[in-house]
$ cat protein29.txt   # compact mmCIF, C-alpha atoms and all ligand atoms
# COMPACT_ATOMS: atom_id res chain seq x y z
CA MET D 21 25.19 -107.39 -14.83
CA ASP D 22 25.26 -108.51 -18.44
CA LEU D 23 22.23 -106.78 -19.97
CA ASP D 24 22.30 -108.99 -23.05
CA GLY D 25 19.59 -111.56 -22.34
CA ALA D 26 18.74 -110.11 -18.91
CA ARG D 27 15.11 -110.69 -17.92
CA VAL D 28 13.62 -107.27 -17.18
CA LEU D 29 10.24 -105.88 -16.13
CA VAL D 30 9.80 -102.15 -16.80
CA ALA D 31 6.80 -100.90 -14.82
CA GLY D 32 5.61 -97.51 -16.04
CA ALA D 33 6.91 -98.18 -19.57
CA SER D 34 4.26 -95.92 -21.14
CA GLY D 35 5.80 -92.88 -19.43
CA VAL D 36 8.49 -90.76 -21.04
CA LEU D 37 11.38 -91.96 -18.85
CA GLY D 38 10.07 -95.54 -18.60
CA ALA D 39 9.74 -95.81 -22.40
CA ALA D 40 13.23 -94.40 -22.94
CA VAL D 41 14.75 -96.83 -20.44
CA ALA D 42 12.82 -99.74 -21.97
CA ARG D 43 13.99 -98.87 -25.50
CA SER D 44 17.58 -98.52 -24.34
CA LEU D 45 17.49 -101.87 -22.54
CA ASP D 46 15.96 -103.45 -25.64
CA GLY D 47 18.83 -102.04 -27.68
CA ARG D 48 21.28 -103.71 -25.33
CA GLY D 49 19.67 -107.12 -25.78
CA ALA D 50 17.54 -107.36 -22.63
CA ARG D 51 14.41 -109.53 -22.69
CA LEU D 52 11.58 -107.23 -21.67
CA VAL D 53 8.11 -107.33 -20.22
CA LEU D 54 6.44 -103.90 -20.22
CA ALA D 55 3.79 -102.89 -17.71
CA GLY D 56 1.52 -99.86 -17.54
CA ARG D 57 -2.09 -98.74 -17.58
CA ASP D 58 -2.64 -98.91 -21.33
CA ALA D 59 -1.71 -102.00 -23.37
CA ALA D 60 -1.88 -100.17 -26.71
CA ARG D 61 0.66 -97.58 -25.58
CA LEU D 62 2.93 -100.30 -24.24
CA ARG D 63 2.84 -101.96 -27.66
CA ASP D 64 3.95 -98.65 -29.23
CA VAL D 65 6.98 -98.67 -26.94
CA GLY D 66 7.91 -102.32 -27.49
CA PRO D 67 5.88 -104.14 -30.14
CA ASP D 68 7.67 -107.44 -29.45
CA ALA D 69 7.53 -107.35 -25.65
CA PRO D 70 4.69 -108.90 -23.66
CA ALA D 71 2.50 -106.14 -22.17
CA LEU D 72 0.89 -106.35 -18.72
CA THR D 73 -1.60 -103.81 -17.40
CA PHE D 74 -1.91 -102.55 -13.85
CA ASP D 75 -3.10 -99.51 -11.94
CA ALA D 76 -0.72 -98.53 -9.15
CA LEU D 77 -3.68 -97.73 -6.91
CA ASP D 78 -4.32 -101.50 -6.80
CA LEU D 79 -1.44 -102.82 -4.68
CA GLU D 80 -2.35 -106.51 -5.04
CA ARG D 81 -2.25 -106.10 -8.80
CA CYS D 82 1.19 -104.45 -8.52
CA ALA D 83 2.61 -107.57 -6.89
CA ALA D 84 0.76 -109.88 -9.31
CA VAL D 85 2.24 -108.08 -12.33
CA VAL D 86 5.74 -108.86 -11.09
CA ASP D 87 4.89 -112.54 -10.70
CA GLU D 88 3.29 -112.66 -14.16
CA ALA D 89 6.38 -111.01 -15.68
CA ALA D 90 8.73 -113.44 -13.90
CA ASP D 91 6.62 -116.38 -15.07
CA ALA D 92 6.65 -115.09 -18.67
CA LEU D 93 10.43 -114.54 -18.61
CA GLY D 94 11.30 -117.72 -16.72
CA GLY D 95 12.70 -115.64 -13.83
CA LEU D 96 13.51 -112.02 -13.14
CA ASP D 97 16.89 -110.29 -13.17
CA VAL D 98 15.83 -106.63 -13.14
CA LEU D 99 12.79 -104.66 -12.03
CA VAL D 100 12.64 -101.03 -13.19
CA VAL D 101 10.00 -98.87 -11.50
CA ALA D 102 9.37 -95.76 -13.60
CA PHE D 103 5.81 -94.76 -12.78
CA GLY D 104 4.72 -91.90 -10.54
CA VAL D 105 2.58 -88.81 -10.19
CA ALA D 106 3.22 -85.23 -9.04
CA ALA D 107 1.08 -82.72 -7.15
CA PHE D 108 1.69 -79.05 -6.43
CA GLY D 109 0.42 -76.38 -4.06
CA PRO D 110 0.69 -75.37 -0.41
CA ALA D 111 0.09 -78.15 2.13
CA GLU D 112 -3.02 -76.53 3.60
CA GLN D 113 -4.68 -76.86 0.21
CA GLU D 114 -3.85 -80.53 -0.16
CA ASP D 115 -6.37 -83.01 1.17
CA ASP D 116 -6.36 -86.64 2.29
CA VAL D 117 -7.49 -87.90 -1.11
CA VAL D 118 -4.55 -86.29 -2.93
CA THR D 119 -2.10 -87.33 -0.22
CA GLU D 120 -3.34 -90.92 -0.27
CA HIS D 121 -3.09 -91.00 -4.07
CA LEU D 122 0.52 -89.77 -3.98
CA LEU D 123 1.60 -92.10 -1.20
CA THR D 124 -0.08 -95.08 -2.85
CA VAL D 125 1.26 -94.56 -6.38
CA ASN D 126 4.69 -93.13 -5.51
CA THR D 127 5.54 -95.03 -2.31
CA MET D 128 3.41 -98.09 -1.62
CA ALA D 129 3.07 -99.36 -5.19
CA PRO D 130 6.84 -99.35 -5.86
CA MET D 131 7.30 -101.06 -2.48
CA ALA D 132 4.74 -103.73 -3.39
CA MET D 133 6.45 -104.37 -6.71
CA ALA D 134 9.93 -104.41 -5.20
CA ARG D 135 8.88 -106.89 -2.48
CA ALA D 136 7.40 -109.20 -5.11
CA ALA D 137 10.55 -108.89 -7.22
CA LEU D 138 12.84 -109.65 -4.27
CA ARG D 139 10.92 -112.88 -3.69
CA ARG D 140 11.61 -113.89 -7.31
CA MET D 141 15.33 -112.93 -7.31
CA GLU D 142 16.65 -116.05 -5.68
CA THR D 143 20.14 -115.77 -7.18
CA GLY D 144 20.53 -112.00 -7.21
CA GLY D 145 19.29 -109.21 -9.42
CA THR D 146 18.63 -105.48 -9.50
CA VAL D 147 15.71 -103.39 -8.33
CA ALA D 148 16.03 -99.95 -9.97
CA VAL D 149 13.53 -97.33 -8.85
CA LEU D 150 13.01 -93.73 -9.96
CA SER D 151 12.37 -91.74 -6.80
CA ALA D 152 13.34 -88.04 -7.15
CA ILE D 153 15.70 -85.25 -6.13
CA LEU D 154 12.96 -84.27 -3.65
CA ALA D 155 14.20 -87.06 -1.39
CA ASP D 156 17.45 -85.10 -0.94
CA HIS D 157 15.90 -81.62 -1.19
CA PRO D 158 12.41 -81.37 0.34
CA THR D 159 10.73 -78.60 -1.62
CA ALA D 160 8.08 -76.02 -0.69
CA GLY D 161 4.92 -76.23 -2.73
CA MET D 162 5.36 -79.98 -3.19
CA ALA D 163 5.20 -81.24 0.40
CA ALA D 164 3.19 -84.41 -0.15
CA TYR D 165 5.00 -85.20 -3.41
CA THR D 166 8.27 -84.73 -1.48
CA ALA D 167 7.07 -86.99 1.34
CA SER D 168 6.07 -89.73 -1.09
CA LYS D 169 9.49 -89.77 -2.76
CA ALA D 170 11.50 -89.32 0.46
CA GLY D 171 9.61 -92.22 2.04
CA LEU D 172 10.32 -94.41 -0.97
CA SER D 173 14.00 -93.45 -1.01
CA ALA D 174 14.41 -94.17 2.73
CA TRP D 175 12.72 -97.55 2.29
CA LEU D 176 15.09 -98.40 -0.58
CA THR D 177 18.09 -97.50 1.59
CA ALA D 178 16.98 -99.91 4.32
CA VAL D 179 16.17 -102.68 1.85
CA ARG D 180 19.56 -102.24 0.17
CA GLN D 181 21.22 -103.10 3.48
CA GLU D 182 18.98 -106.15 3.92
CA GLN D 183 19.69 -107.42 0.42
CA ARG D 184 23.47 -107.10 0.39
CA ARG D 185 24.05 -110.72 1.37
CA ARG D 186 21.44 -111.99 -1.09
CA GLY D 187 23.23 -110.35 -4.02
CA VAL D 188 20.34 -108.08 -4.95
CA THR D 189 21.34 -104.51 -5.88
CA VAL D 190 18.91 -101.77 -4.94
CA PHE D 191 19.43 -98.77 -7.24
CA ASP D 192 17.75 -95.53 -6.12
CA VAL D 193 17.62 -93.04 -8.99
CA ARG D 194 16.87 -89.49 -7.80
CA PRO D 195 16.65 -87.33 -10.92
CA PRO D 196 16.36 -83.54 -11.02
CA HIS D 197 13.61 -81.88 -13.04
CA ILE D 198 13.53 -83.21 -16.59
CA GLU D 199 11.15 -81.95 -19.30
CA THR D 200 8.87 -84.94 -19.74
CA GLY D 201 5.50 -83.27 -19.14
CA LEU D 202 5.14 -85.03 -15.77
CA ALA D 203 4.58 -81.68 -14.02
CA ASP D 204 1.79 -80.78 -16.48
CA ARG D 205 0.08 -84.09 -15.68
CA ALA D 206 0.02 -83.35 -11.92
CA ILE D 207 -3.01 -84.76 -10.14
CA VAL D 208 -3.53 -81.36 -8.52
CA GLY D 209 -2.05 -77.85 -8.69
CA THR D 210 0.20 -76.04 -11.13
CA ALA D 211 3.94 -76.58 -11.19
CA PRO D 212 6.21 -73.63 -10.49
CA SER D 213 8.62 -72.80 -13.30
CA MET D 214 11.52 -75.23 -13.04
CA THR D 215 14.84 -75.45 -14.83
CA ALA D 216 15.67 -78.85 -16.26
CA GLY D 217 18.78 -80.41 -14.75
CA ALA D 218 19.15 -83.09 -17.39
CA THR D 219 17.69 -84.46 -20.60
CA VAL D 220 15.75 -87.69 -21.02
CA ASP D 221 18.62 -89.21 -23.02
CA GLU D 222 21.21 -88.25 -20.42
CA LEU D 223 19.23 -89.79 -17.56
CA THR D 224 18.35 -92.89 -19.56
CA GLU D 225 21.99 -93.67 -20.28
CA LEU D 226 22.94 -93.18 -16.63
CA VAL D 227 20.12 -95.46 -15.46
CA VAL D 228 20.89 -98.24 -17.92
CA ASP D 229 24.66 -98.02 -17.38
CA GLY D 230 23.96 -97.94 -13.64
CA ILE D 231 21.98 -101.17 -13.81
CA ARG D 232 24.77 -102.76 -15.82
CA ASP D 233 27.45 -101.54 -13.39
CA GLY D 234 25.61 -102.48 -10.18
CA ARG D 235 25.25 -98.89 -8.97
CA ARG D 236 23.29 -98.18 -5.79
CA GLU D 237 22.27 -94.58 -6.22
CA LEU D 238 22.20 -91.75 -8.69
CA ARG D 239 21.67 -88.30 -7.23
CA TYR D 240 21.91 -84.78 -8.58
CA ASP D 241 24.25 -82.20 -7.04
CA LEU D 242 22.45 -78.87 -7.30
CA ARG D 243 25.56 -76.82 -6.61
CA GLU D 244 27.72 -78.62 -9.19
CA ARG D 245 24.74 -79.05 -11.54
CA SER D 246 25.80 -82.59 -12.26
CA PHE D 247 25.00 -86.17 -11.35
CA ALA D 248 26.83 -88.07 -8.66
CA GLY D 249 26.47 -91.61 -7.48
CA ARG D 250 28.04 -94.71 -6.08
N1 LIG D 301 10.35 -85.78 -15.07
C1 LIG D 301 10.91 -85.34 -13.96
O1 LIG D 301 11.23 -84.15 -13.81
C2 LIG D 301 11.19 -86.30 -12.85
C3 LIG D 301 12.10 -85.90 -11.84
C4 LIG D 301 12.32 -86.77 -10.78
C5 LIG D 301 11.67 -87.98 -10.73
N2 LIG D 301 10.81 -88.33 -11.73
C6 LIG D 301 10.10 -89.59 -11.60
O2 LIG D 301 10.28 -90.38 -12.75
C7 LIG D 301 9.14 -91.22 -12.93
C8 LIG D 301 8.69 -91.14 -14.38
O3 LIG D 301 8.27 -89.82 -14.65
P1 LIG D 301 8.20 -89.21 -16.14
O4 LIG D 301 8.90 -87.92 -16.07
O5 LIG D 301 8.58 -90.22 -17.16
O6 LIG D 301 6.65 -88.86 -16.24
P2 LIG D 301 5.48 -89.48 -17.14
O7 LIG D 301 5.87 -89.49 -18.57
O8 LIG D 301 4.25 -88.73 -16.76
O9 LIG D 301 5.40 -90.97 -16.63
C9 LIG D 301 4.67 -91.30 -15.50
C10 LIG D 301 4.26 -92.73 -15.61
O10 LIG D 301 3.53 -93.08 -14.42
C11 LIG D 301 2.37 -93.77 -14.82
N3 LIG D 301 1.31 -93.69 -13.85
C12 LIG D 301 0.78 -92.60 -13.26
N4 LIG D 301 -0.22 -92.96 -12.44
C13 LIG D 301 -0.31 -94.32 -12.52
C14 LIG D 301 -1.15 -95.28 -11.93
N5 LIG D 301 -2.14 -94.94 -11.06
N6 LIG D 301 -0.98 -96.57 -12.25
C15 LIG D 301 -0.01 -96.95 -13.12
N7 LIG D 301 0.81 -96.08 -13.72
C16 LIG D 301 0.65 -94.78 -13.42
C17 LIG D 301 1.97 -93.12 -16.13
O11 LIG D 301 1.07 -93.96 -16.78
P3 LIG D 301 0.14 -93.42 -17.99
O12 LIG D 301 1.09 -93.37 -19.15
O13 LIG D 301 -0.91 -94.44 -18.10
O14 LIG D 301 -0.35 -92.06 -17.57
C18 LIG D 301 3.33 -93.01 -16.79
O15 LIG D 301 3.68 -94.25 -17.36
C19 LIG D 301 8.10 -90.75 -11.91
O16 LIG D 301 8.15 -91.59 -10.77
C20 LIG D 301 8.60 -89.38 -11.52
O17 LIG D 301 8.20 -89.02 -10.21
C21 LIG D 301 10.56 -87.53 -12.78

$ encode --input "protein29.txt" --output "structure tokens"
Amino acid sequence: MDLDGARVLVAGASGVLGAAVARSLDGRGARLVLAGRDAARLRDVGPDAPALTFDALDLERCAAVVDEAADALGGLDVLVVAFGVAAFGPAEQEDDVVTEHLLTVNTMAPMAMARAALRRMETGGTVAVLSAILADHPTAGMAAYTASKAGLSAWLTAVRQEQRRRGVTVFDVRPPHIETGLADRAIVGTAPSMTAGATVDELTELVVDGIRDGRRELRYDLRERSFAGR
């Protein structure tokens, strides 16, 4: 895809990875709409881009944001989903409220946005979603967080097959731990000590190049300590 002039919604653009991807896409000439919980912070990321607010716990609003972005841009070529939350601790200490929060924000909200985007991508496009390495490596002490990302990743795999004939690329990005502060903002529990597998800049370039090149997945090989994809 030619990123110059591409019509892009970045949902979660106030986050560290979302902001970095948005700035990189802006640098490559994409036309952006930024979405997040806080309009002022979205304006810091992209002063010239229209800002839309949503809370991922409100699934109807998630779908509406995509339609509003497509209306503002005169269509939609790319949706980037870069929002999410983490939670830590043994499963017996997690409760239904935490689990529902994780599954809503990390699984159902991206699904709601992706469905809305697919309906607007009549002549093709790209849905790029940050799931996580947890989808490939379920991890103790993060069972519900793992489930939320594995569920999202499995859904993306099925949708990718559905969309092949429509010309929509579904790009599942499954990063390793990256020092963004996400773990410190967990909705519950304390993160174990984790070694970063990549930097924000490294991941950002791979995501943006991946969108340009029509890639379908980006995963992290723990043994090789490097990214792989197709
Ligand atoms: N960093 C890592 O190690 C890592 C590894 C694998 C996958 N990921 C995934 O990458 C994505 C981005 O993470 P990050 O590292 O950039 O963390 P981050 O800086 O904390 O960004 C998280 C984003 O999610 C948004 N968010 C959280 N709850 C929300 C809600 N209820 N409604 C709307 N937005 C909400 C935050 O909004 P506010 O700014 O308003 O809080 C923020 O924009 C997440 O999906 C994460 O799971 C990260």

$ closest_atom_pairs --input "protein29.txt" --of "chain D" --to "ligand LIG 301 (chain D)" --cutoff "6 Å" --atoms "all atoms listed in the file" --output "tab-separated table"
residue	atom	partner	partner_atom	distance
D:Gly32	CA	D:LIG301	O15	4.0
D:Ala33	CA	D:LIG301	O15	5.5
D:Ser34	CA	D:LIG301	O15	4.2
D:Gly35	CA	D:LIG301	O15	3.3
D:Val36	CA	D:LIG301	O7	3.8
D:Leu37	CA	D:LIG301	O5	3.7
D:Gly38	CA	D:LIG301	O5	5.7
D:Gly56	CA	D:LIG301	N7	5.4
D:Arg57	CA	D:LIG301	O13	4.5
D:Asp58	CA	D:LIG301	O13	5.8
D:Phe74	CA	D:LIG301	C15	6.0
D:Asp75	CA	D:LIG301	N6	3.6
D:Ala76	CA	D:LIG301	N6	3.7
D:Leu77	CA	D:LIG301	N5	5.2
D:Ala102	CA	D:LIG301	C7	4.6
D:Phe103	CA	D:LIG301	O10	3.3
D:Gly104	CA	D:LIG301	O16	3.5
D:Val105	CA	D:LIG301	C12	5.2
D:Val125	CA	D:LIG301	N5	5.8
D:Leu150	CA	D:LIG301	O2	5.1
D:Ser151	CA	D:LIG301	C5	5.5
D:Ala152	CA	D:LIG301	C5	4.0
D:Ile153	CA	D:LIG301	C4	5.9
D:Pro195	CA	D:LIG301	C4	4.4
D:Pro196	CA	D:LIG301	C3	4.9
D:His197	CA	D:LIG301	O1	3.4
D:Ile198	CA	D:LIG301	O1	3.7
D:Glu199	CA	D:LIG301	N1	5.8
D:Thr200	CA	D:LIG301	O4	4.7
D:Leu202	CA	D:LIG301	O8	3.9

$ atom_distance --input "protein29.txt" --atom1 "CA of Arg250 in chain D" --atom2 "CA of Thr224 in chain D"
16.7 Å

$ atom_distance --input "protein29.txt" --atom1 "CA of Ala60 in chain D" --atom2 "CA of Leu96 in chain D"
23.7 Å

$ closest_residue --input "protein29.txt" --among "D:Arg243, D:Arg194, D:Gln113, D:Val118" --to "Leu223 in chain D" --atoms "all atoms listed in the file"
D:Arg194

$ residues_around --input "protein29.txt" --residues "Thr119 in chain D" --least-positions-apart "5" --cutoff "9 Å" --atoms "all atoms listed in the file" --output "PyMOL selection string"
chain D and resi 107+114+124+164-165+168

$ closest_residue --input "protein29.txt" --among "D:Glu112, D:Asp64, D:Asp229, D:Asp97" --to "Met162 in chain D" --atoms "all atoms listed in the file"
D:Glu112

$ closest_residue --input "protein29.txt" --among "D:Thr146, D:Thr210, D:Thr166, D:Ser246" --to "Gly230 in chain D" --atoms "all atoms listed in the file"
D:Thr146

$ residues_around --input "protein29.txt" --residues "range 39-45 of chain D" --least-positions-apart "5" --cutoff "8 Å" --atoms "all atoms listed in the file" --output "list in words"
Leu23, Val30, Gly32, Ala33, Ser34, Ala50, Leu52, Leu54, Val65, Gly66, Val220, Asp221, Thr224, Glu225, Val227 and Val228 of chain D

$ closest_residue --input "protein29.txt" --among "D:Arg245, D:Arg135, D:Arg27, D:His121" --to "Ala92 in chain D" --atoms "all atoms listed in the file"
D:Arg27

$ axis_aligned_box --input "protein29.txt" --around "range 131-150 of chain D" --padding-each-side "8 Å" --output "JSON"
{"center_x": 12.6, "center_y": -104.9, "center_z": -6.2, "size_x": 31.8, "size_y": 38.3, "size_z": 23.5}

$ closest_residue --input "protein29.txt" --among "D:Asp115, D:Glu80, D:Glu88, D:Glu237" --to "Met131 in chain D" --atoms "all atoms listed in the file"
D:Glu80

$ closest_residue --input "protein29.txt" --among "D:Ala89, D:Ala216, D:Val147, D:Ala248" --to "Gly234 in chain D" --atoms "all atoms listed in the file"
D:Val147

$ atom_distance --input "protein29.txt" --atom1 "CA of Asp156 in chain D" --atom2 "CA of Leu172 in chain D"
11.7 Å

$ residues_around --input "protein29.txt" --residues "Leu176 in chain D" --least-positions-apart "3" --cutoff "9 Å" --atoms "only C-alpha atoms" --output "PyMOL selection string"
chain D and resi 131+149+171-173+179-181+190-192

$ residues_near_point --input "protein29.txt" --point "(10.4, -108.5, -29.6)" --cutoff "10 Å" --atoms "only C-alpha atoms" --output "list of chain:residue names"
D:Asp46, D:Arg51, D:Leu52, D:Val53, D:Gly66, D:Pro67, D:Asp68, D:Ala69, D:Pro70

$ residues_around --input "protein29.txt" --residues "Val85 in chain D" --least-positions-apart "5" --cutoff "8 Å" --atoms "all atoms listed in the file" --output "VMD selection string"
chain D and resid 55 72 to 74 133

$ build_atoms --input "protein29.txt" --residues "range 167-181 of chain D" --atoms "N, CA, C and O atoms" --output "CSV table (one decimal), in the frame of the given file"
chain,number,residue,atom,x,y,z
D,167,ALA,N,7.2,-85.9,0.3
D,167,ALA,CA,7.1,-87.0,1.3
D,167,ALA,C,7.0,-88.4,0.7
D,167,ALA,O,7.6,-89.3,1.1
D,168,SER,N,6.2,-88.4,-0.4
D,168,SER,CA,6.1,-89.7,-1.1
D,168,SER,C,7.4,-90.2,-1.6
D,168,SER,O,7.7,-91.4,-1.6
D,169,LYS,N,8.2,-89.4,-2.2
D,169,LYS,CA,9.5,-89.8,-2.8
D,169,LYS,C,10.6,-90.0,-1.7
D,169,LYS,O,11.4,-90.9,-1.8
D,170,ALA,N,10.5,-89.1,-0.6
D,170,ALA,CA,11.5,-89.3,0.5
D,170,ALA,C,11.2,-90.6,1.2
D,170,ALA,O,12.2,-91.4,1.6
D,171,GLY,N,10.0,-91.0,1.4
D,171,GLY,CA,9.6,-92.2,2.0
D,171,GLY,C,10.1,-93.4,1.2
D,171,GLY,O,10.7,-94.4,1.7
D,172,LEU,N,9.9,-93.3,-0.1
D,172,LEU,CA,10.3,-94.4,-1.0
D,172,LEU,C,11.8,-94.5,-0.9
D,172,LEU,O,12.4,-95.7,-0.8
D,173,SER,N,12.5,-93.4,-1.0
D,173,SER,CA,14.0,-93.4,-1.0
D,173,SER,C,14.6,-94.0,0.3
D,173,SER,O,15.5,-94.8,0.3
D,174,ALA,N,14.0,-93.6,1.4
D,174,ALA,CA,14.4,-94.2,2.7
D,174,ALA,C,14.2,-95.7,2.8
D,174,ALA,O,15.0,-96.4,3.3
D,175,TRP,N,13.0,-96.1,2.3
D,175,TRP,CA,12.7,-97.6,2.3
D,175,TRP,C,13.8,-98.3,1.4
D,175,TRP,O,14.3,-99.4,1.8
D,176,LEU,N,14.1,-97.7,0.3
D,176,LEU,CA,15.1,-98.4,-0.6
D,176,LEU,C,16.4,-98.5,0.1
D,176,LEU,O,17.1,-99.5,0.0
D,177,THR,N,16.8,-97.5,0.9
D,177,THR,CA,18.1,-97.5,1.6
D,177,THR,C,18.1,-98.6,2.6
D,177,THR,O,19.1,-99.4,2.7
D,178,ALA,N,17.0,-98.8,3.3
D,178,ALA,CA,17.0,-99.9,4.3
D,178,ALA,C,17.0,-101.3,3.6
D,178,ALA,O,17.7,-102.2,4.0
D,179,VAL,N,16.2,-101.4,2.6
D,179,VAL,CA,16.2,-102.7,1.8
D,179,VAL,C,17.5,-103.0,1.2
D,179,VAL,O,17.9,-104.2,1.2
D,180,ARG,N,18.2,-102.0,0.8
D,180,ARG,CA,19.6,-102.2,0.2
D,180,ARG,C,20.5,-102.9,1.2
D,180,ARG,O,21.2,-103.9,0.9
D,181,GLN,N,20.4,-102.5,2.4
D,181,GLN,CA,21.2,-103.1,3.5
D,181,GLN,C,20.8,-104.6,3.7
D,181,GLN,O,21.6,-105.4,3.8
